[in-house]
file input-v8.cif (mmCIF, C-alpha atoms and all ligand atoms)
data_final
loop_
_atom_site.label_atom_id
_atom_site.label_comp_id
_atom_site.auth_asym_id
_atom_site.auth_seq_id
_atom_site.Cartn_x
_atom_site.Cartn_y
_atom_site.Cartn_z
CA MET A 172 -8.63 -9.18 9.19
CA PHE A 173 -6.39 -10.87 11.73
CA VAL A 174 -4.15 -8.42 13.67
CA VAL A 175 -0.96 -10.01 15.01
CA LYS A 176 1.45 -8.24 17.36
CA THR A 177 4.10 -10.85 18.15
CA VAL A 178 6.44 -13.05 16.13
CA ARG A 179 5.37 -16.15 18.09
CA GLU A 180 1.70 -15.55 17.27
CA PHE A 181 2.58 -14.98 13.60
CA ASN A 182 4.60 -18.20 13.49
CA THR A 183 1.63 -20.17 14.82
CA TRP A 184 -0.57 -18.73 12.06
CA ARG A 185 2.09 -19.17 9.33
CA ILE A 186 2.94 -22.80 10.04
CA ALA A 187 -0.34 -24.12 8.68
CA LYS A 188 -0.18 -22.14 5.42
CA ASN A 189 1.26 -23.42 2.20
CA ASN A 190 -0.50 -20.98 -0.11
CA SER A 191 1.20 -18.06 -1.84
CA ILE A 192 1.69 -15.16 0.56
CA GLY A 193 2.12 -11.61 -0.68
CA PHE A 194 3.82 -9.20 1.73
CA ILE A 195 3.82 -5.41 1.77
CA PRO A 196 6.01 -3.83 4.47
CA THR A 197 5.01 -0.25 5.41
CA LEU A 198 5.71 2.51 7.91
CA GLY A 199 1.98 3.27 8.18
CA ALA A 200 0.27 6.53 7.09
CA LEU A 201 -1.09 4.53 4.18
CA HIS A 202 -2.19 6.11 0.91
CA ASP A 203 -3.18 5.09 -2.63
CA GLY A 204 0.45 4.17 -3.38
CA HIS A 205 0.36 1.48 -0.68
CA PHE A 206 -3.14 0.43 -1.74
CA SER A 207 -1.89 -0.21 -5.28
CA LEU A 208 0.74 -2.61 -3.84
CA ILE A 209 -1.96 -4.38 -1.82
CA LYS A 210 -4.22 -4.68 -4.88
CA ALA A 211 -1.31 -6.14 -6.86
CA SER A 212 -0.75 -8.70 -4.10
CA LYS A 213 -4.45 -9.57 -3.93
CA SER A 214 -4.48 -10.18 -7.67
CA ILE A 215 -1.48 -12.56 -7.58
CA CYS A 216 -1.39 -14.20 -4.14
CA ASP A 217 -3.79 -16.33 -2.08
CA ILE A 218 -3.03 -14.42 1.11
CA THR A 219 -1.95 -10.80 1.64
CA VAL A 220 0.01 -9.70 4.71
CA VAL A 221 0.79 -6.04 5.45
CA SER A 222 3.10 -4.86 8.21
CA ILE A 223 2.95 -1.45 9.84
CA PHE A 224 6.15 -0.74 11.72
CA LEU A 225 7.69 2.71 12.11
CA ASN A 226 11.25 1.46 11.91
CA PRO A 227 13.55 3.63 14.08
CA THR A 228 16.81 2.35 12.56
CA GLN A 229 16.16 3.98 9.19
CA PHE A 230 15.75 7.46 10.68
CA ALA A 231 18.71 9.62 11.79
CA PRO A 232 18.27 11.52 15.09
CA HIS A 233 17.56 14.83 13.26
CA GLU A 234 14.94 13.27 10.95
CA ASP A 235 11.15 13.14 11.28
CA LEU A 236 10.63 9.83 13.19
CA ASP A 237 8.68 11.46 16.06
CA ALA A 238 6.65 13.65 13.71
CA TYR A 239 5.91 10.82 11.27
CA PRO A 240 2.13 10.79 10.63
CA ASN A 241 0.29 8.19 12.76
CA THR A 242 -3.03 7.24 11.16
CA LEU A 243 -3.35 3.71 12.57
CA ASP A 244 -7.14 3.64 13.02
CA GLY A 245 -7.74 4.83 9.46
CA ASP A 246 -5.03 2.49 8.14
CA LYS A 247 -6.70 -0.53 9.78
CA LYS A 248 -10.09 0.41 8.30
CA ASN A 249 -8.58 0.75 4.83
CA LEU A 250 -6.72 -2.56 5.12
CA LYS A 251 -9.91 -4.34 6.16
CA GLN A 252 -11.79 -2.78 3.26
CA LEU A 253 -9.11 -3.90 0.81
CA GLY A 254 -9.43 -7.46 2.08
CA VAL A 255 -5.97 -7.74 3.65
CA ASP A 256 -5.78 -11.06 5.50
CA VAL A 257 -3.21 -10.26 8.18
CA LEU A 258 -1.84 -7.03 9.62
CA PHE A 259 1.48 -7.58 11.37
CA LEU A 260 1.80 -4.75 13.89
CA PRO A 261 4.86 -5.42 16.06
CA SER A 262 6.28 -3.12 18.74
CA LYS A 263 9.85 -1.79 18.58
CA ASN A 264 10.72 -4.21 21.37
CA GLU A 265 9.31 -7.15 19.40
CA MET A 266 11.51 -6.41 16.37
CA TYR A 267 14.76 -5.32 18.05
CA LYS A 268 14.82 -6.41 21.69
CA THR A 269 16.99 -9.52 21.45
CA VAL A 270 19.36 -8.17 18.78
CA PRO A 271 19.35 -4.37 18.98
CA ASP A 272 22.50 -3.84 16.89
CA VAL A 273 21.93 -6.45 14.15
CA ARG A 274 22.67 -5.36 10.56
CA VAL A 275 22.55 -7.09 7.19
CA PRO A 276 25.79 -6.96 5.15
CA ALA A 277 26.39 -3.57 3.53
CA SER A 278 26.26 -3.06 -0.23
CA VAL A 279 28.02 -0.47 -2.38
CA LEU A 280 24.52 0.59 -3.43
CA PHE A 281 23.89 1.95 0.11
CA ASN A 282 26.17 4.96 -0.30
CA LYS A 283 24.87 6.28 -3.60
CA LEU A 284 22.02 8.74 -4.33
CA GLU A 285 19.80 8.75 -1.21
CA GLY A 286 22.61 7.15 0.78
CA LYS A 287 24.83 10.23 0.32
CA SER A 288 22.29 12.42 2.11
CA ARG A 289 21.01 9.68 4.45
CA PRO A 290 24.01 7.40 5.20
CA HIS A 291 22.15 5.38 7.87
CA PHE A 292 19.05 4.82 5.77
CA PHE A 293 19.64 1.61 3.81
CA TYR A 294 21.25 -0.13 6.78
CA GLY A 295 17.98 0.42 8.63
CA VAL A 296 15.76 -0.50 5.68
CA THR A 297 17.53 -3.75 4.77
CA THR A 298 17.78 -4.82 8.40
CA ILE A 299 14.09 -4.42 9.07
CA VAL A 300 12.97 -5.82 5.71
CA SER A 301 15.22 -8.83 6.23
CA LYS A 302 13.83 -9.40 9.74
CA LEU A 303 10.28 -9.03 8.42
CA PHE A 304 10.98 -11.48 5.57
CA ASN A 305 12.22 -13.98 8.16
CA VAL A 306 9.03 -13.62 10.21
CA ILE A 307 6.45 -13.44 7.42
CA GLN A 308 8.19 -15.88 5.02
CA PRO A 309 6.31 -14.51 2.03
CA THR A 310 6.40 -16.04 -1.43
CA HIS A 311 6.02 -12.58 -3.03
CA THR A 312 6.77 -9.04 -1.93
CA PHE A 313 5.62 -5.76 -3.46
CA PHE A 314 7.67 -2.54 -3.54
CA GLY A 315 6.93 0.79 -5.21
CA GLU A 316 9.09 2.21 -8.00
CA LYS A 317 8.88 5.61 -6.31
CA ASP A 318 11.61 4.42 -3.93
CA ALA A 319 13.72 3.23 -6.84
CA GLN A 320 16.98 2.82 -4.94
CA GLN A 321 15.22 0.94 -2.12
CA LEU A 322 13.64 -1.36 -4.72
CA ARG A 323 17.04 -2.01 -6.34
CA ILE A 324 18.67 -2.69 -2.95
CA ILE A 325 15.92 -5.09 -1.84
CA GLN A 326 16.25 -6.87 -5.19
CA GLU A 327 19.98 -7.27 -4.55
CA MET A 328 19.40 -8.38 -0.93
CA ILE A 329 16.90 -11.06 -1.99
CA HIS A 330 19.45 -12.36 -4.49
CA LYS A 331 22.50 -12.20 -2.18
CA MET A 332 20.75 -13.67 0.85
CA ASN A 333 19.01 -16.42 -1.19
CA TYR A 334 15.50 -15.49 -0.18
CA SER A 335 12.97 -17.52 -2.19
CA ILE A 336 10.80 -14.46 -2.65
CA THR A 337 9.54 -12.98 -5.91
CA LEU A 338 9.88 -9.20 -5.86
CA ILE A 339 7.15 -7.40 -7.77
CA PRO A 340 7.91 -3.75 -8.61
CA CYS A 341 4.79 -1.55 -8.80
CA PRO A 342 4.53 1.77 -10.67
CA THR A 343 4.65 5.11 -8.84
CA MET A 344 1.20 6.46 -8.07
CA ARG A 345 0.71 10.20 -8.70
CA ASP A 346 -1.96 12.75 -7.89
CA GLN A 347 -3.93 14.39 -10.73
CA ASN A 348 -1.13 16.97 -11.18
CA GLY A 349 1.71 14.44 -11.25
CA LEU A 350 3.03 14.72 -7.68
CA ALA A 351 4.28 11.27 -6.56
CA LEU A 352 2.16 9.99 -3.66
CA SER A 353 4.05 9.86 -0.35
CA SER A 354 3.12 9.81 3.32
CA ARG A 355 5.18 13.01 3.60
CA ASN A 356 2.75 14.84 1.27
CA GLN A 357 0.56 15.14 4.39
CA TYR A 358 3.03 17.77 5.64
CA LEU A 359 2.24 19.96 2.61
CA THR A 360 -0.69 22.36 2.14
CA SER A 361 -2.72 21.76 -1.02
CA LYS A 362 -1.07 24.85 -2.54
CA GLU A 363 2.37 23.38 -1.79
CA GLN A 364 1.31 20.05 -3.29
CA LYS A 365 0.52 21.88 -6.53
CA THR A 366 3.84 23.76 -6.39
CA ALA A 367 5.69 20.47 -5.85
CA THR A 368 4.47 19.13 -9.20
CA ILE A 369 7.36 21.07 -10.74
CA ILE A 370 9.54 18.15 -9.60
CA TYR A 371 7.85 15.62 -11.89
CA GLN A 372 7.51 18.12 -14.74
CA SER A 373 11.25 18.87 -14.54
CA LEU A 374 12.13 15.16 -14.48
CA ILE A 375 10.08 14.71 -17.65
CA LYS A 376 12.05 17.58 -19.26
CA ILE A 377 15.27 15.70 -18.51
CA LYS A 378 13.90 12.54 -20.10
CA GLU A 379 12.82 14.51 -23.18
CA GLY A 380 16.29 16.08 -23.31
CA LEU A 381 17.91 12.63 -23.17
CA ASN A 382 15.63 11.48 -25.98
CA ASN A 383 16.99 14.44 -27.97
CA ALA A 384 20.58 13.51 -27.02
CA GLN A 385 21.16 16.70 -25.01
CA SER A 386 24.13 16.80 -22.64
CA ILE A 387 23.66 15.34 -19.17
CA ASN A 388 25.34 18.28 -17.50
CA HIS A 389 23.11 20.74 -19.28
CA LEU A 390 19.98 18.79 -18.35
CA LYS A 391 20.94 18.66 -14.66
CA GLN A 392 21.59 22.43 -14.69
CA GLN A 393 18.26 23.02 -16.40
CA PHE A 394 16.54 20.98 -13.65
CA LYS A 395 18.24 23.00 -10.87
CA SER A 396 17.35 26.31 -12.56
CA ALA A 397 13.69 25.27 -12.86
CA ILE A 398 13.47 24.33 -9.16
CA SER A 399 15.29 27.51 -8.11
CA THR A 400 12.44 29.59 -9.58
CA ILE A 401 10.44 28.53 -6.48
CA PRO A 402 11.93 30.36 -3.47
CA THR A 403 10.73 27.73 -0.96
CA MET A 404 12.36 24.85 -2.86
CA SER A 405 15.94 23.62 -3.05
CA VAL A 406 17.55 20.63 -4.74
CA ASP A 407 19.29 18.11 -2.50
CA TYR A 408 20.50 16.14 -5.53
CA ILE A 409 19.61 15.43 -9.13
CA SER A 410 21.08 12.24 -10.51
CA ILE A 411 21.20 10.48 -13.86
CA ALA A 412 22.55 7.03 -13.15
CA ASP A 413 22.80 3.52 -14.53
CA SER A 414 19.56 1.86 -13.33
CA ASN A 415 21.41 -1.25 -12.27
CA SER A 416 24.69 -0.07 -10.68
CA LEU A 417 23.28 3.36 -9.67
CA ASP A 418 26.59 4.88 -10.85
CA GLU A 419 26.30 8.40 -12.26
CA VAL A 420 26.66 8.63 -16.00
CA THR A 421 28.28 11.63 -17.65
CA LYS A 422 27.37 10.89 -21.23
CA LEU A 423 24.48 9.14 -22.88
CA GLU A 424 25.02 5.46 -23.53
CA ASN A 425 22.69 2.81 -24.83
CA LYS A 426 21.41 1.72 -21.40
CA GLN A 427 18.49 2.17 -19.05
CA LEU A 428 18.96 5.20 -16.78
CA LEU A 429 17.37 6.20 -13.50
CA ILE A 430 16.69 9.94 -13.33
CA SER A 431 16.15 10.62 -9.64
CA THR A 432 16.00 13.55 -7.28
CA ALA A 433 15.41 14.72 -3.75
CA VAL A 434 14.04 18.24 -3.36
CA PHE A 435 13.21 20.20 -0.23
CA LEU A 436 10.00 22.18 -0.11
CA ASN A 437 10.63 24.20 3.06
CA HIS A 438 11.66 21.42 5.48
CA VAL A 439 9.84 18.58 3.68
CA ARG A 440 12.12 16.32 1.66
CA LEU A 441 10.42 14.89 -1.43
CA ILE A 442 11.88 12.21 -3.69
CA ASP A 443 10.85 11.18 -7.18
CA ASN A 444 12.28 9.47 -10.25
CA ILE A 445 11.56 8.38 -13.78
CA THR A 446 13.29 5.87 -16.03
CA TYR A 447 14.88 6.56 -19.39
CA TYR A 448 14.79 3.62 -21.79
CA PRO A 449 17.28 3.65 -24.67
CA SER A 450 15.88 3.35 -28.15
CA THR A 451 16.69 -0.10 -29.49
O1 LIG I 501 9.38 2.19 2.08
C1 LIG I 501 9.05 2.08 3.28
O2 LIG I 501 7.94 2.40 3.68
C2 LIG I 501 10.07 1.54 4.29
O3 LIG I 501 11.37 1.90 3.93
C3 LIG I 501 9.95 0.03 4.52
C4 LIG I 501 10.21 -0.76 3.25
C5 LIG I 501 8.57 -0.30 5.05
C6 LIG I 501 10.98 -0.44 5.57
O4 LIG I 501 10.73 0.12 6.81
#

call {"tool": "encode", "arguments": {"input": "input-v8.cif", "output": "structure tokens"}}
result
Amino acid sequence: MFVVKTVREFNTWRIAKNNSIGFIPTLGALHDGHFSLIKASKSICDITVVSIFLNPTQFAPHEDLDAYPNTLDGDKKNLKQLGVDVLFLPSKNEMYKTVPDVRVPASVLFNKLEGKSRPHFFYGVTTIVSKLFNVIQPTHTFFGEKDAQQLRIIQEMIHKMNYSITLIPCPTMRDQNGLALSSRNQYLTSKEQKTATIIYQSLIKIKEGLNNAQSINHLKQQFKSAISTIPTMSVDYISIADSNSLDEVTKLENKQLLISTAVFLNHVRLIDNITYYPST
């Protein structure tokens, strides 16, 4: 595996390549969720590039940037084992030095769901992903469905900014009890990880309720009541929204819906979602 730390060095490598290049951007602290994206890229593309960059612009000052798990040595070993061709590992200076306040154009999607609790977040994500796309120039990119709003926003950005990149969504990876894999699960004890499976179970109950045409309000209340049975947990939001516009729906219509949530377990914020498909 070739490890590249500067844009100039990457450009020199990239110029000679006209094969398909699959790109997986990450913050590091890699787990099976990331590995599934890498495997998808390896199965489709000639070359797979992964970036590890703990992007400061997507974290607010009170969030966990400094505490974010750093497992670089283990990450590199895993990437080598998976047959990743290039690891792009830039410094903060490399990505932001010349244009520290650059931003991609905002979208109405930024302020919904996650954006209500984390208003800075999608400005930071789209800016860094756009910069990384410009450096890596991939033909394909792979994003997890666990971050459903991020996936939707990157899809919109690729379209609006005319990137010639095929976005491949990859299914959420879960542990044996159903907890969605996340780097933040490392903050949880194994007992807490088991407790947190109530999130997925409660999302499934909402989907079942929608299949039985139960009211959206009732199903959201039912979700909150279930989570409130665990004293260490609290709901940041529970949303049932149009999968495309991310607008909340108040009554069941014949369209695909994103059922998504953010829940705190003590101070750890966990997100998850599932999709409701209308019967045709
Ligand atoms: O999902 C993530 O890990 C990050 O938001 C991403 C896409 C790597 C941008 O920093």

call {"tool": "closest_residue", "arguments": {"input": "input-v8.cif", "among": "A:Asn348, A:Thr228, A:Thr446, A:Ser414", "to": "Ile299 of chain A", "atoms": "all atoms listed in the file"}}
result
A:Thr228

call {"tool": "residues_around", "arguments": {"input": "input-v8.cif", "residues": "Glu424 of chain A", "least_positions_apart": "5", "cutoff": "12 Å", "atoms": "all atoms listed in the file", "output": "PyMOL selection string"}}
result
chain A and resi 381-382+384-387+411-413+419+447-451

call {"tool": "residues_near_ligand", "arguments": {"input": "input-v8.cif", "ligand": "ligand LIG 501 (chain I)", "cutoff": "9 Å", "atoms": "only C-alpha atoms and all ligand atoms", "output": "PyMOL selection string"}}
result
chain A and resi 195-199+205+222-229+292-293+295-300+314-315+318+321-322+325+354

call {"tool": "residues_around", "arguments": {"input": "input-v8.cif", "residues": "segment 177-185 of chain A", "least_positions_apart": "2", "cutoff": "9 Å", "atoms": "all atoms listed in the file", "output": "CSV table (one decimal) with C-alpha atoms, in the coordinates of the input"}}
result
chain,number,residue,atom,x,y,z
A,175,VAL,CA,-1.0,-10.0,15.0
A,187,ALA,CA,-0.3,-24.1,8.7
A,188,LYS,CA,-0.2,-22.1,5.4
A,189,ASN,CA,1.3,-23.4,2.2
A,259,PHE,CA,1.5,-7.6,11.4
A,260,LEU,CA,1.8,-4.8,13.9
A,261,PRO,CA,4.9,-5.4,16.1
A,262,SER,CA,6.3,-3.1,18.7
A,265,GLU,CA,9.3,-7.2,19.4
A,266,MET,CA,11.5,-6.4,16.4
A,306,VAL,CA,9.0,-13.6,10.2
A,307,ILE,CA,6.4,-13.4,7.4
A,308,GLN,CA,8.2,-15.9,5.0

call {"tool": "residues_around", "arguments": {"input": "input-v8.cif", "residues": "Lys391 of chain A", "least_positions_apart": "4", "cutoff": "12 Å", "atoms": "all atoms listed in the file", "output": "ChimeraX atom specification"}}
result
/A:373-378,380-381,385-387,395-398,406,408-412,419-421,430-432

call {"tool": "atom_distance", "arguments": {"input": "input-v8.cif", "atom1": "atom CA of Ile442 of chain A", "atom2": "atom CA of Asp235 of chain A"}}
result
15.0 Å

call {"tool": "atom_distance", "arguments": {"input": "input-v8.cif", "atom1": "atom CA of Tyr371 of chain A", "atom2": "atom CA of Asp443 of chain A"}}
result
7.1 Å

call {"tool": "atom_distance", "arguments": {"input": "input-v8.cif", "atom1": "atom CA of Gln357 of chain A", "atom2": "atom CA of Arg440 of chain A"}}
result
11.9 Å

call {"tool": "residues_around", "arguments": {"input": "input-v8.cif", "residues": "Ser212 of chain A", "least_positions_apart": "4", "cutoff": "10 Å", "atoms": "all atoms listed in the file", "output": "NGL selection string"}}
result
:A and (191-195 or 206-208 or 216-220 or 255 or 311-313 or 339)

call {"tool": "closest_atom_pairs", "arguments": {"input": "input-v8.cif", "of": "segment 324-378 of chain A", "to": "segment 270-291 of chain A", "cutoff": "12 Å", "atoms": "all atoms listed in the file", "output": "JSON lines"}}
result
{"residue": "A:Ile324", "atom": "CA", "partner": "A:Leu280", "partner_atom": "CA", "distance": 6.7}
{"residue": "A:Ile325", "atom": "CA", "partner": "A:Leu280", "partner_atom": "CA", "distance": 10.4}
{"residue": "A:Gln326", "atom": "CA", "partner": "A:Leu280", "partner_atom": "CA", "distance": 11.3}
{"residue": "A:Glu327", "atom": "CA", "partner": "A:Ser278", "partner_atom": "CA", "distance": 8.7}
{"residue": "A:Met328", "atom": "CA", "partner": "A:Ser278", "partner_atom": "CA", "distance": 8.7}
{"residue": "A:Ile329", "atom": "CA", "partner": "A:Val275", "partner_atom": "CA", "distance": 11.5}
{"residue": "A:Lys331", "atom": "CA", "partner": "A:Pro276", "partner_atom": "CA", "distance": 9.6}
{"residue": "A:Met332", "atom": "CA", "partner": "A:Val275", "partner_atom": "CA", "distance": 9.3}

call {"tool": "closest_residue", "arguments": {"input": "input-v8.cif", "among": "A:Thr360, A:Ser353, A:Gln347, A:Ser335", "to": "Glu316 of chain A", "atoms": "all atoms listed in the file"}}
result
A:Ser353
